[in-house]
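J.: Input: one structure, supplied below.
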Amino acid sequence: MAQPLSRRSFLQGSALATAGATVFGAASVMMESAEAGQSTGLPVIGPGMITMTLEVNGERRAVQVEPRMTLAEALRGPLALTGTKIACNRGACSACTVWLDGVTVCSCMMLALDVGTRRVTTIEGLAKNGELHPVQAAFIEHDALQCGFCTPGMVMSCTALLERMPHPTTADVEAAISGHLCRCGTYPHVIAATLAAAKTRQA
Ligand code: FES
Ligand code: FES
């Protein structure tokens, strides 16, 4: 004889049915998208590793990435350029700032695959012939770092500022670093360092 359906067994059964529908639903979406790629003739990338070429700090580098890998992950992982930091990993702190064709971007917010032919510059690319960039030297001189986690991103933004505006004001530097979060509170030193570097470059 069938057992009477208790409230608990009804809820358990419903949960299992929902979970099953979700799993099978997701599988069918994946199959549909793979089929859609085949039927439209569009290239299907991944889900496995793919090999691509990135121009980083003036060098063309072949790198293996998963399609879901961000530029920040590709830099710090397969490219072993760990100067670029990942802090929030969601576009909120600017610790991961690098340049794409000289323009600052949050590298945690873009896929490595989307870089295309654009030139990537990281903190490792600023020093030339063993000499620190004037902004890097000024950060040290002005004690503009404590834990250093935000520092590479700050340096990339301050250097980009001097590239486009050789004579910045304090307000210009404040605007340039406005998206950067520094838990150690180094902002006044960062501003002083950037203004000093601007003077050094003019000398
Ligand atoms: S780590 Fe990219 S914005 Fe925070
Ligand atoms: S120096 Fe520590 S977060 Fe900025």
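If you're wondering about the labels, chains in the structure tokens are A, B, ... by order shown, residues count from 1 in each chain, ligands from 1 in order shown.
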Would you mind listing the residues within 7 Å of ligand 1, counting only C-alpha atoms and all ligand atoms, as a PyMOL selection string?
T.: chain A and resi 85-97+106-109
J.: Hey, what's within 10 Å of region 155-162 of chain A if we count only C-alpha atoms and toss same-chain stuff fewer than 6 positions away? As JSON, numbers by chain, please?
T.: {"A": [84, 94, 95, 96, 97, 98, 99, 102, 103, 104, 105, 121, 122, 123, 126, 133, 134, 135, 136, 138, 139, 144, 168, 172, 173, 174, 175, 176, 177, 178, 179, 180, 190, 191, 193, 194, 195, 197, 198, 201]}
J.: With N, CA, C and O atoms retained, write the just-selected residues as a compact mmCIF listing (two decimals), in the first residue's frame.
T.:
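Generated output (result-v5.txt):
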# COMPACT_ATOMS: atom_id res chain seq x y z
N THR A 84 51.75 42.74 -11.44
CA THR A 84 50.34 43.14 -11.50
C THR A 84 49.59 42.37 -10.41
O THR A 84 49.67 41.16 -10.34
N SER A 94 41.32 48.89 -8.68
CA SER A 94 42.37 49.31 -9.63
C SER A 94 43.76 48.77 -9.32
O SER A 94 44.74 49.19 -9.93
N ALA A 95 43.88 47.81 -8.39
CA ALA A 95 45.20 47.23 -8.10
C ALA A 95 45.80 46.56 -9.33
O ALA A 95 47.01 46.46 -9.47
N CYS A 96 44.94 46.09 -10.22
CA CYS A 96 45.39 45.30 -11.37
C CYS A 96 45.66 46.15 -12.61
O CYS A 96 45.74 45.62 -13.72
N THR A 97 45.80 47.47 -12.44
CA THR A 97 45.91 48.38 -13.60
C THR A 97 47.15 48.10 -14.44
O THR A 97 48.27 48.01 -13.93
N VAL A 98 46.93 47.95 -15.73
CA VAL A 98 48.02 47.87 -16.72
C VAL A 98 47.64 48.81 -17.87
O VAL A 98 46.58 49.43 -17.83
N TRP A 99 48.51 48.91 -18.86
CA TRP A 99 48.17 49.74 -20.03
C TRP A 99 47.85 48.83 -21.22
O TRP A 99 48.54 47.81 -21.43
N GLY A 102 48.87 51.99 -24.16
CA GLY A 102 49.16 53.21 -23.40
C GLY A 102 48.00 53.72 -22.57
O GLY A 102 48.15 54.73 -21.88
N VAL A 103 46.86 53.05 -22.61
CA VAL A 103 45.69 53.52 -21.86
C VAL A 103 45.47 52.57 -20.67
O VAL A 103 45.55 51.35 -20.83
N THR A 104 45.19 53.15 -19.49
CA THR A 104 45.03 52.31 -18.31
C THR A 104 43.73 51.50 -18.37
O THR A 104 42.68 52.01 -18.78
N VAL A 105 43.84 50.23 -17.98
CA VAL A 105 42.66 49.36 -17.88
C VAL A 105 42.81 48.50 -16.63
O VAL A 105 43.92 48.25 -16.16
N THR A 121 51.28 46.82 -21.40
CA THR A 121 52.45 47.24 -20.60
C THR A 121 52.11 47.01 -19.14
O THR A 121 51.05 47.43 -18.66
N THR A 122 53.01 46.33 -18.45
CA THR A 122 52.82 46.08 -17.02
C THR A 122 53.90 46.85 -16.25
O THR A 122 54.81 47.43 -16.83
N ILE A 123 53.82 46.78 -14.94
CA ILE A 123 54.80 47.46 -14.09
C ILE A 123 56.23 47.00 -14.43
O ILE A 123 57.18 47.79 -14.34
N LEU A 126 58.18 49.19 -17.12
CA LEU A 126 58.48 50.62 -16.99
C LEU A 126 59.99 50.91 -16.86
O LEU A 126 60.48 51.90 -17.41
N HIS A 133 61.83 53.78 -13.67
CA HIS A 133 61.13 54.93 -14.25
C HIS A 133 61.11 56.03 -13.17
O HIS A 133 61.04 55.72 -11.97
N PRO A 134 61.17 57.32 -13.56
CA PRO A 134 61.15 58.40 -12.57
C PRO A 134 59.98 58.30 -11.58
O PRO A 134 60.14 58.66 -10.40
N VAL A 135 58.84 57.79 -12.03
CA VAL A 135 57.71 57.66 -11.09
C VAL A 135 58.01 56.57 -10.06
O VAL A 135 57.74 56.74 -8.86
N GLN A 136 58.59 55.48 -10.50
CA GLN A 136 58.96 54.41 -9.55
C GLN A 136 59.97 54.94 -8.53
O GLN A 136 59.84 54.70 -7.33
N ALA A 138 60.46 57.99 -7.64
CA ALA A 138 59.85 58.98 -6.76
C ALA A 138 58.97 58.32 -5.70
O ALA A 138 58.89 58.79 -4.56
N PHE A 139 58.33 57.21 -6.04
CA PHE A 139 57.53 56.49 -5.04
C PHE A 139 58.43 56.02 -3.90
O PHE A 139 58.05 56.09 -2.73
N ALA A 144 55.98 56.23 -0.78
CA ALA A 144 54.58 56.21 -1.22
C ALA A 144 53.98 54.81 -1.20
O ALA A 144 53.02 54.54 -1.92
N PRO A 168 51.14 68.15 -14.36
CA PRO A 168 49.85 68.00 -13.66
C PRO A 168 49.79 68.83 -12.38
O PRO A 168 50.83 69.16 -11.77
N ASP A 172 44.91 67.11 -10.63
CA ASP A 172 45.04 66.15 -11.74
C ASP A 172 45.48 64.79 -11.21
O ASP A 172 44.99 63.74 -11.65
N VAL A 173 46.43 64.80 -10.28
CA VAL A 173 46.91 63.52 -9.73
C VAL A 173 45.79 62.86 -8.93
O VAL A 173 45.56 61.65 -9.02
N GLU A 174 45.08 63.68 -8.16
CA GLU A 174 43.95 63.12 -7.38
C GLU A 174 42.95 62.45 -8.32
O GLU A 174 42.45 61.36 -8.04
N ALA A 175 42.67 63.09 -9.44
CA ALA A 175 41.71 62.52 -10.39
C ALA A 175 42.27 61.23 -10.98
O ALA A 175 41.53 60.24 -11.15
N ALA A 176 43.57 61.21 -11.27
CA ALA A 176 44.18 60.03 -11.89
C ALA A 176 44.14 58.81 -10.97
O ALA A 176 44.03 57.68 -11.43
N ILE A 177 44.22 59.05 -9.67
CA ILE A 177 44.24 57.90 -8.74
C ILE A 177 42.89 57.72 -8.03
O ILE A 177 42.79 56.95 -7.07
N SER A 178 41.88 58.41 -8.53
CA SER A 178 40.60 58.38 -7.81
C SER A 178 39.97 56.99 -7.78
O SER A 178 39.17 56.70 -6.90
N GLY A 179 40.30 56.14 -8.73
CA GLY A 179 39.72 54.79 -8.72
C GLY A 179 40.54 53.78 -7.94
O GLY A 179 40.20 52.60 -7.88
N HIS A 180 41.66 54.24 -7.36
CA HIS A 180 42.56 53.31 -6.67
C HIS A 180 42.27 53.29 -5.17
O HIS A 180 42.22 54.35 -4.53
N VAL A 190 51.67 59.45 -2.50
CA VAL A 190 51.56 59.13 -3.94
C VAL A 190 51.47 60.43 -4.74
O VAL A 190 52.12 60.59 -5.78
N ILE A 191 50.70 61.37 -4.22
CA ILE A 191 50.54 62.66 -4.92
C ILE A 191 51.88 63.40 -4.93
O ILE A 191 52.32 63.90 -5.98
N ALA A 193 54.85 62.16 -4.69
CA ALA A 193 55.80 61.45 -5.55
C ALA A 193 55.53 61.75 -7.02
O ALA A 193 56.47 61.98 -7.81
N THR A 194 54.28 61.79 -7.40
CA THR A 194 53.95 62.01 -8.81
C THR A 194 54.31 63.43 -9.23
O THR A 194 54.87 63.65 -10.33
N LEU A 195 54.04 64.40 -8.37
CA LEU A 195 54.39 65.78 -8.69
C LEU A 195 55.91 65.94 -8.77
O LEU A 195 56.44 66.64 -9.65
N ALA A 197 58.03 63.53 -9.59
CA ALA A 197 58.48 62.86 -10.81
C ALA A 197 58.25 63.74 -12.02
O ALA A 197 59.08 63.77 -12.96
N ALA A 198 57.15 64.49 -12.01
CA ALA A 198 56.88 65.40 -13.13
C ALA A 198 57.99 66.45 -13.22
O ALA A 198 58.48 66.76 -14.32
N ARG A 201 61.21 64.87 -14.61
CA ARG A 201 61.15 64.64 -16.06
C ARG A 201 61.35 65.94 -16.83
O ARG A 201 61.83 65.93 -17.96
J.: Per residue of chain A within 9 Å of ligand 2, which atom pair is closest and at what distance in Å (one decimal), using only C-alpha atoms and all ligand atoms, listed by chain and increasing number, as CSV?
T.:
residue,atom,partner,partner_atom_place_in_ligand_line,distance
A:Ala95,CA,ligand 2,3 (S),8.6
A:Ala144,CA,ligand 2,1 (S),7.3
A:Leu145,CA,ligand 2,1 (S),4.3
A:Gln146,CA,ligand 2,1 (S),4.1
A:Cys147,CA,ligand 2,2 (Fe),3.9
A:Gly148,CA,ligand 2,1 (S),4.2
A:Phe149,CA,ligand 2,3 (S),5.0
A:Cys150,CA,ligand 2,4 (Fe),4.3
A:Thr151,CA,ligand 2,4 (Fe),5.9
A:Met154,CA,ligand 2,4 (Fe),8.4
A:His180,CA,ligand 2,4 (Fe),8.7
A:Leu181,CA,ligand 2,3 (S),6.8
A:Cys182,CA,ligand 2,4 (Fe),3.7
A:Arg183,CA,ligand 2,3 (S),4.2
A:Cys184,CA,ligand 2,2 (Fe),4.3
A:Gly185,CA,ligand 2,4 (Fe),6.4
A:Thr186,CA,ligand 2,1 (S),6.0
A:Tyr187,CA,ligand 2,4 (Fe),8.2
J.: Which of region 76-153 of chain A end up as strand (DSSP E or B) when DSSP is run on this backbone - answer as a ChimeraX atom specification?
T.: /A:97-100,103-106,111,119-121,128,131
J.: Find the spatial neighbours of Asp114 (chain A), counting only C-alpha atoms, within a cut-off of 9 Å - ignore same-chain residues fewer than 3 positions away - and output them as an MDAnalysis selection string.
T.: chainID A and resid 71 110:111
J.: Okay, now the selection with N, CA, C and O atoms, as a CSV table (one decimal), in the first residue's frame?
T.:
chain,number,residue,atom,x,y,z
A,71,LEU,N,42.9,38.9,-18.3
A,71,LEU,CA,44.3,39.4,-18.6
A,71,LEU,C,45.1,39.3,-17.3
A,71,LEU,O,46.3,38.9,-17.4
A,110,MET,N,38.9,42.2,-18.0
A,110,MET,CA,38.9,41.8,-19.4
A,110,MET,C,39.5,40.5,-19.6
A,110,MET,O,40.4,40.1,-18.9
A,111,LEU,N,39.0,39.8,-20.6
A,111,LEU,CA,39.5,38.5,-20.9
A,111,LEU,C,40.8,38.6,-21.7
A,111,LEU,O,41.0,39.5,-22.5
J.: Please, what distance in Å, to one decimal, runs between CA of Lys199 (chain A) and CA of Glu131 (chain A)?
T.: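 Separating CA of Lys199 (chain A) from CA of Glu131 (chain A) is a distance of 17.6 Å.
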J.: Would you please work out which residue, of A:Val115, A:Leu79, A:Met165, A:Ile140, is nearest to Ala192 (chain A) when using only C-alpha atoms?
T.: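 Of A:Val115, A:Leu79, A:Met165, A:Ile140, the one nearest Ala192 (chain A) is A:Ile140, counting only C-alpha atoms.
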J.: Region 88-124 of chain A near region 55-68 of chain A within 8 Å: what's each residue's closest atom pair and its distance in Å to one decimal, counting only C-alpha atoms, ordered by chain then ascending residue number, as a tab-separated table?
T.:
residue	atom	partner	partner_atom	distance
A:Leu111	CA	A:Arg68	CA	6.6
A:Ala112	CA	A:Val65	CA	7.7
A:Leu113	CA	A:Pro67	CA	6.6
A:Thr117	CA	A:Glu55	CA	7.2
A:Arg118	CA	A:Glu55	CA	7.1
A:Arg119	CA	A:Glu55	CA	5.2
A:Val120	CA	A:Val56	CA	4.7
A:Thr121	CA	A:Asn57	CA	4.9
A:Thr122	CA	A:Asn57	CA	6.6
A:Glu124	CA	A:Asn57	CA	7.5
J.: So how far away is CA of Asp101 (chain A) from CA of Leu42 (chain A), in Å?
T.: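 Calculated distance between CA of Leu42 (chain A) and CA of Asp101 (chain A) is 27.9 Å.
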